[in-house]
Structures are given as C-alpha cells and as structure tokens.
Amino acid sequence: MTLAAERRWGLSVPLPGVPLREQRALVEALPDLGYTDVWSAEAAGTDAFSPLVLASQWAPSLRLGTAIAPAFTRGPATLAMSAATLANLAPGRFALGVGTSSDVIVERWNGIAFARPYQRVRDTVRFLRAAFAGGRVSETYETFAISGFTLAEAPDPVPPVLVAALRPGMLRLAGREGDGAIVNWLSADDVRTVAPFVGGGKEIVARIFVLPDVDAETARGIGRRHLAAYLNVPVYRAFHEWLGRDELKGMWDAWAAGDRKAAVAAVPDRVVDALILHGPAESVREQVEAYVEAGVTTPVLAPMGGGDPGPVIRSLGRR
C-alpha cells in the first residue's frame, strides 16, 4: 500500500507532561486510537532515537520516524549506526529524518560551527545512502571525508531518508535526493507554497501544533510565547519572510531590540490561529485534514501545554 493510499495519522513523541519512562501505556494505546506513526524530535530534551526504541517495543505496529536528527551534531558514521540500529529493531517501520537543525542548537548548545548547512545535509544524505547499502565507504564529500567505514549490520530493508526543509533549495533537495520532506511551523495554506518544490510522489511529513479543547484566549497566549521563541531563530525567520508573513515584523523588531515581552505581545492573533490549531477537538481534527488536502501525506500532531496528555491524545484520535 502506498503512502497516498494509506491514511497516516502521526503523533510527536515523547509526550509532554509525563516522564518518558512512564509513557508505555500511552504509547501502547495509540494504534487502537487510530494513530499510525510516532515521530521524535531532538533539541534540548530527549535524543531523537531513544523514544523510538521504546515505542518499537511498546507498540510494534507503529511506524517510527525522526523529525529530526541533526546532520551536524553526530558524526556521519554515528548517525548511520543509530539509524541502522533502529531500522533493524523495527524492519520496514522506520524512517530517518535529517536536517540542519538551527544555529542555536548546533552552535550555541553543541559548540559546532553551523557552516554550509545545505551542503552538510546533502553530503549526509549521500553518505547514508552509501552506508545503508552495506558496502565500504571511502569518499571525500564537500563538507567531510569518510575513509573505510562499513556498517557491521546494514539495515534490511533500507529505511527511507527524509530531509527537513523550509525554503526552495532544501525542499528541492528533499525531493531530488531524499525520499521526501519534513516541514514545520507552517499553515495549511503554506503547504501549497512548499509542496510543489518537493515534487509529486514524495512523502511530506508536517509537525502540526495543536491545543484542543482550550479557549481561544488561553491558546493564543500559549501560542504567542512559542511563536516568539521559535520564529526569531534565523532559519525560521527567513522561512516566514520567504512566505511573505510581513505581519511578524513588529515581533522581529521588538526581539532584535531586546524587548522579549513586547515581541510576544506583537504576534498577531491571525498568525497564532494559522500556525497553532485550537478549538474543540473535532474542529482541530478538521483543521489537520486541511493540511492533508493541501499536500501533506503524514500529519504529525504535536500537543502543546502541560498536564496529562492522555485526554488530548484520545480526543484527537481517529477512532
């Protein structure tokens, strides 16, 4: 069954509000609630692979994906080994998502130069293809060189490799050399702008932030704080400038001036409503479907806020 034919419904893990070690029952219940996928992230919490290793054992029918594992913060061989290990734990159920991450995570938090990000991701994808094939890799790429590396246990089957992408260059790379794209912090209408650059027949995974059954004022307050924190990161600012989201200029100016409070207050309601789905759970599900209609093949719901995630997961399930 192709991705287009099989309706996917993903969830971002680990779930907020509960320690990872206590999430087994929640993850085990996901298939019965209609979820088909879990996709992890990696910033300042868990690493990208550990939650998926647990999920591979807790819910063996779920598809697993990293969204994303940064191309800078692991050596190419270490990244290949991590991915191959998970692919062999869950044969045919794992997808590796890689991307640049951001200068904040790479430089400020990991002490690694955020240099030539497009080339680094391209070279990483090419190396991973060669490593996953099981042969000996000795190759000088533009951003690193590999001498005599062979995966001791190549993955079988080979997992798809998706590329996190925001603007045209990386989106085209995702479609040309990857198996699809992973997109983030965009509206359903924005999907119509980015999807053509990826091309037809490729998977498009979208992390979609949700706040179901929360009143609009509360949801917008939470949303403004998150948007101010993320959309001032240079890669995301450039993305939304490219999308033409000029109404964020007031937020960007306030942030650049060092006035964080004013920056949060300057995020318009319209932007919050477009990028963070809120309202009754049924309405949120309908808003997610708008992303699918616009070209997303794998929607990945990312609950926001604190508290017990169980009710949110159940309310947004498809069964």
# chains A, B, ... in the order shown; residues from 1 in each chain; ligands from 1
>>> select_by_dssp(residues="region 98-294 of chain A", states="alpha helix (DSSP H)", output="JSON, numbers by chain")
{"A": [103, 117, 118, 119, 120, 121, 122, 123, 124, 125, 126, 127, 128, 129, 130, 131, 132, 168, 169, 170, 171, 172, 173, 174, 175, 176, 188, 189, 190, 191, 192, 193, 194, 195, 196, 197, 198, 216, 217, 218, 219, 220, 221, 222, 223, 224, 225, 226, 227, 228, 229, 230, 234, 235, 236, 237, 238, 239, 240, 241, 242, 243, 249, 250, 251, 252, 253, 254, 255, 256, 260, 261, 262, 263, 264, 265, 269, 270, 271, 272, 273, 274, 275, 281, 282, 283, 284, 285, 286, 287, 288, 289, 290, 291, 292, 293, 294]}
>>> closest_residue(among="A:Ala165, A:Ala71, A:Met304, A:Leu30", to="Ile112 (chain A)", atoms="only C-alpha atoms")
A:Ala71
>>> select_by_dssp(residues="region 85-224 of chain A", states="strand (DSSP E)", output="ChimeraX atom specification")
/A:94-99,137-140,145-149,161-164,180-184,203-212
>>> residues_around(residues="region 94-107 of chain A", least_positions_apart="6", cutoff="7 Å", atoms="only C-alpha atoms", output="ChimeraX atom specification")
/A:43,63-73,83,87,113-114,117,121,159-164,235
>>> write_last_selection(atoms="N, CA and C atoms", output="PDB file, in the first residue's frame")
ATOM      1  N   ALA A  43      16.092  18.495  20.499  1.00  0.00           N
ATOM      2  CA  ALA A  43      16.512  19.876  20.720  1.00  0.00           C
ATOM      3  C   ALA A  43      17.237  19.972  22.049  1.00  0.00           C
ATOM      4  N   ARG A  63       4.593   3.044  12.904  1.00  0.00           N
ATOM      5  CA  ARG A  63       5.732   3.494  12.113  1.00  0.00           C
ATOM      6  C   ARG A  63       6.491   4.536  12.935  1.00  0.00           C
ATOM      7  N   LEU A  64       7.804   4.542  12.807  1.00  0.00           N
ATOM      8  CA  LEU A  64       8.667   5.375  13.628  1.00  0.00           C
ATOM      9  C   LEU A  64       9.489   6.305  12.745  1.00  0.00           C
ATOM     10  N   GLY A  65       9.648   7.558  13.186  1.00  0.00           N
ATOM     11  CA  GLY A  65      10.451   8.474  12.389  1.00  0.00           C
ATOM     12  C   GLY A  65      11.139   9.521  13.242  1.00  0.00           C
ATOM     13  N   THR A  66      12.303   9.962  12.805  1.00  0.00           N
ATOM     14  CA  THR A  66      12.988  11.073  13.459  1.00  0.00           C
ATOM     15  C   THR A  66      12.672  12.352  12.701  1.00  0.00           C
ATOM     16  N   ALA A  67      12.271  13.372  13.455  1.00  0.00           N
ATOM     17  CA  ALA A  67      11.927  14.648  12.821  1.00  0.00           C
ATOM     18  C   ALA A  67      12.381  15.805  13.714  1.00  0.00           C
ATOM     19  N   ILE A  68      13.689  15.972  13.834  1.00  0.00           N
ATOM     20  CA  ILE A  68      14.711  15.322  13.009  1.00  0.00           C
ATOM     21  C   ILE A  68      15.910  14.950  13.870  1.00  0.00           C
ATOM     22  N   ALA A  69      16.834  14.192  13.244  1.00  0.00           N
ATOM     23  CA  ALA A  69      18.183  14.025  13.777  1.00  0.00           C
ATOM     24  C   ALA A  69      19.079  15.021  13.049  1.00  0.00           C
ATOM     25  N   PRO A  70      19.715  15.947  13.772  1.00  0.00           N
ATOM     26  CA  PRO A  70      20.534  16.964  13.100  1.00  0.00           C
ATOM     27  C   PRO A  70      21.744  16.360  12.391  1.00  0.00           C
ATOM     28  N   ALA A  71      22.053  16.901  11.237  1.00  0.00           N
ATOM     29  CA  ALA A  71      23.190  16.407  10.458  1.00  0.00           C
ATOM     30  C   ALA A  71      24.534  16.854  11.026  1.00  0.00           C
ATOM     31  N   PHE A  72      24.540  17.862  11.894  1.00  0.00           N
ATOM     32  CA  PHE A  72      25.792  18.390  12.429  1.00  0.00           C
ATOM     33  C   PHE A  72      26.224  17.733  13.732  1.00  0.00           C
ATOM     34  N   THR A  73      25.278  17.334  14.577  1.00  0.00           N
ATOM     35  CA  THR A  73      25.606  17.029  15.967  1.00  0.00           C
ATOM     36  C   THR A  73      26.038  15.588  16.205  1.00  0.00           C
ATOM     37  N   ALA A  83      20.758   5.048  13.150  1.00  0.00           N
ATOM     38  CA  ALA A  83      19.624   4.783  12.271  1.00  0.00           C
ATOM     39  C   ALA A  83      19.511   3.303  11.926  1.00  0.00           C
ATOM     40  N   ALA A  87      16.387   0.828  12.583  1.00  0.00           N
ATOM     41  CA  ALA A  87      15.787   0.184  11.412  1.00  0.00           C
ATOM     42  C   ALA A  87      15.760  -1.326  11.564  1.00  0.00           C
ATOM     43  N   ALA A 113      30.374  24.537  14.525  1.00  0.00           N
ATOM     44  CA  ALA A 113      30.127  25.603  13.553  1.00  0.00           C
ATOM     45  C   ALA A 113      28.952  25.238  12.645  1.00  0.00           C
ATOM     46  N   PHE A 114      28.021  26.165  12.513  1.00  0.00           N
ATOM     47  CA  PHE A 114      26.849  25.968  11.648  1.00  0.00           C
ATOM     48  C   PHE A 114      27.218  26.476  10.253  1.00  0.00           C
ATOM     49  N   PRO A 117      25.168  24.752   5.734  1.00  0.00           N
ATOM     50  CA  PRO A 117      24.159  23.764   6.143  1.00  0.00           C
ATOM     51  C   PRO A 117      23.553  22.976   4.985  1.00  0.00           C
ATOM     52  N   VAL A 121      23.838  18.785   4.793  1.00  0.00           N
ATOM     53  CA  VAL A 121      22.703  17.862   4.705  1.00  0.00           C
ATOM     54  C   VAL A 121      22.783  17.037   3.431  1.00  0.00           C
ATOM     55  N   PRO A 159      15.920   1.986   5.297  1.00  0.00           N
ATOM     56  CA  PRO A 159      14.870   2.957   5.628  1.00  0.00           C
ATOM     57  C   PRO A 159      14.884   4.134   4.671  1.00  0.00           C
ATOM     58  N   PRO A 160      13.725   4.726   4.441  1.00  0.00           N
ATOM     59  CA  PRO A 160      13.715   5.978   3.681  1.00  0.00           C
ATOM     60  C   PRO A 160      14.425   7.075   4.448  1.00  0.00           C
ATOM     61  N   VAL A 161      15.006   8.006   3.706  1.00  0.00           N
ATOM     62  CA  VAL A 161      15.685   9.157   4.296  1.00  0.00           C
ATOM     63  C   VAL A 161      14.960  10.416   3.842  1.00  0.00           C
ATOM     64  N   LEU A 162      14.419  11.141   4.806  1.00  0.00           N
ATOM     65  CA  LEU A 162      13.703  12.376   4.514  1.00  0.00           C
ATOM     66  C   LEU A 162      14.521  13.562   4.990  1.00  0.00           C
ATOM     67  N   VAL A 163      14.292  14.702   4.348  1.00  0.00           N
ATOM     68  CA  VAL A 163      15.073  15.903   4.633  1.00  0.00           C
ATOM     69  C   VAL A 163      14.157  16.982   5.195  1.00  0.00           C
ATOM     70  N   ALA A 164      14.539  17.526   6.350  1.00  0.00           N
ATOM     71  CA  ALA A 164      13.822  18.676   6.896  1.00  0.00           C
ATOM     72  C   ALA A 164      14.101  19.880   6.019  1.00  0.00           C
ATOM     73  N   VAL A 235      16.716  30.629  11.010  1.00  0.00           N
ATOM     74  CA  VAL A 235      16.215  29.785   9.921  1.00  0.00           C
ATOM     75  C   VAL A 235      14.702  29.897   9.791  1.00  0.00           C
TER      76      VAL A 235
END
>>> residues_around(residues="Glu203 (chain A)", least_positions_apart="4", cutoff="8 Å", atoms="only C-alpha atoms", output="JSON, numbers by chain")
{"A": [3, 179, 180, 181, 296, 297, 298]}
>>> closest_residue(among="A:Gly310, A:Gly175, A:Pro14, A:Pro155", to="Leu26 (chain A)", atoms="only C-alpha atoms")
A:Gly310
>>> residues_around(residues="Asp190 (chain A)", least_positions_apart="3", cutoff="10 Å", atoms="only C-alpha atoms", output="list in words")
Trp185, Leu186, Ser187, Thr193, Val194, Ala195, His240, Leu243, Ala274, Leu275, Tyr291 and Ala294 of chain A
>>> closest_residue(among="A:Pro76, A:Pro168, A:Gly17, A:Pro234", to="Ala145 (chain A)", atoms="only C-alpha atoms")
A:Pro76
>>> residues_around(residues="Arg220 (chain A)", least_positions_apart="5", cutoff="8 Å", atoms="only C-alpha atoms", output="list of chain:residue names")
A:Asp269, A:Val272, A:Asp273
>>> atom_distance(atom1="CA of Arg93 (chain A)", atom2="CA of Val13 (chain A)")
15.7 Å
>>> closest_residue(among="A:Ser56, A:Thr124, A:Thr218, A:Ser147", to="Asn88 (chain A)", atoms="only C-alpha atoms")
A:Ser56
>>> residues_around(residues="Trp255 (chain A)", least_positions_apart="4", cutoff="10 Å", atoms="only C-alpha atoms", output="PyMOL selection string")
chain A and resi 228-229+232+249-251+259-264+266
>>> atom_distance(atom1="CA of Leu33 (chain A)", atom2="CA of Gly92 (chain A)")
21.7 Å
>>> atom_distance(atom1="CA of Asp308 (chain A)", atom2="CA of Trp109 (chain A)")
29.2 Å
>>> closest_residue(among="A:Arg172, A:Arg285, A:Asp156, A:Phe197", to="Arg318 (chain A)", atoms="only C-alpha atoms")
A:Arg285
>>> closest_residue(among="A:Leu11, A:Glu286, A:Val183, A:Ala256", to="Val312 (chain A)", atoms="only C-alpha atoms")
A:Leu11
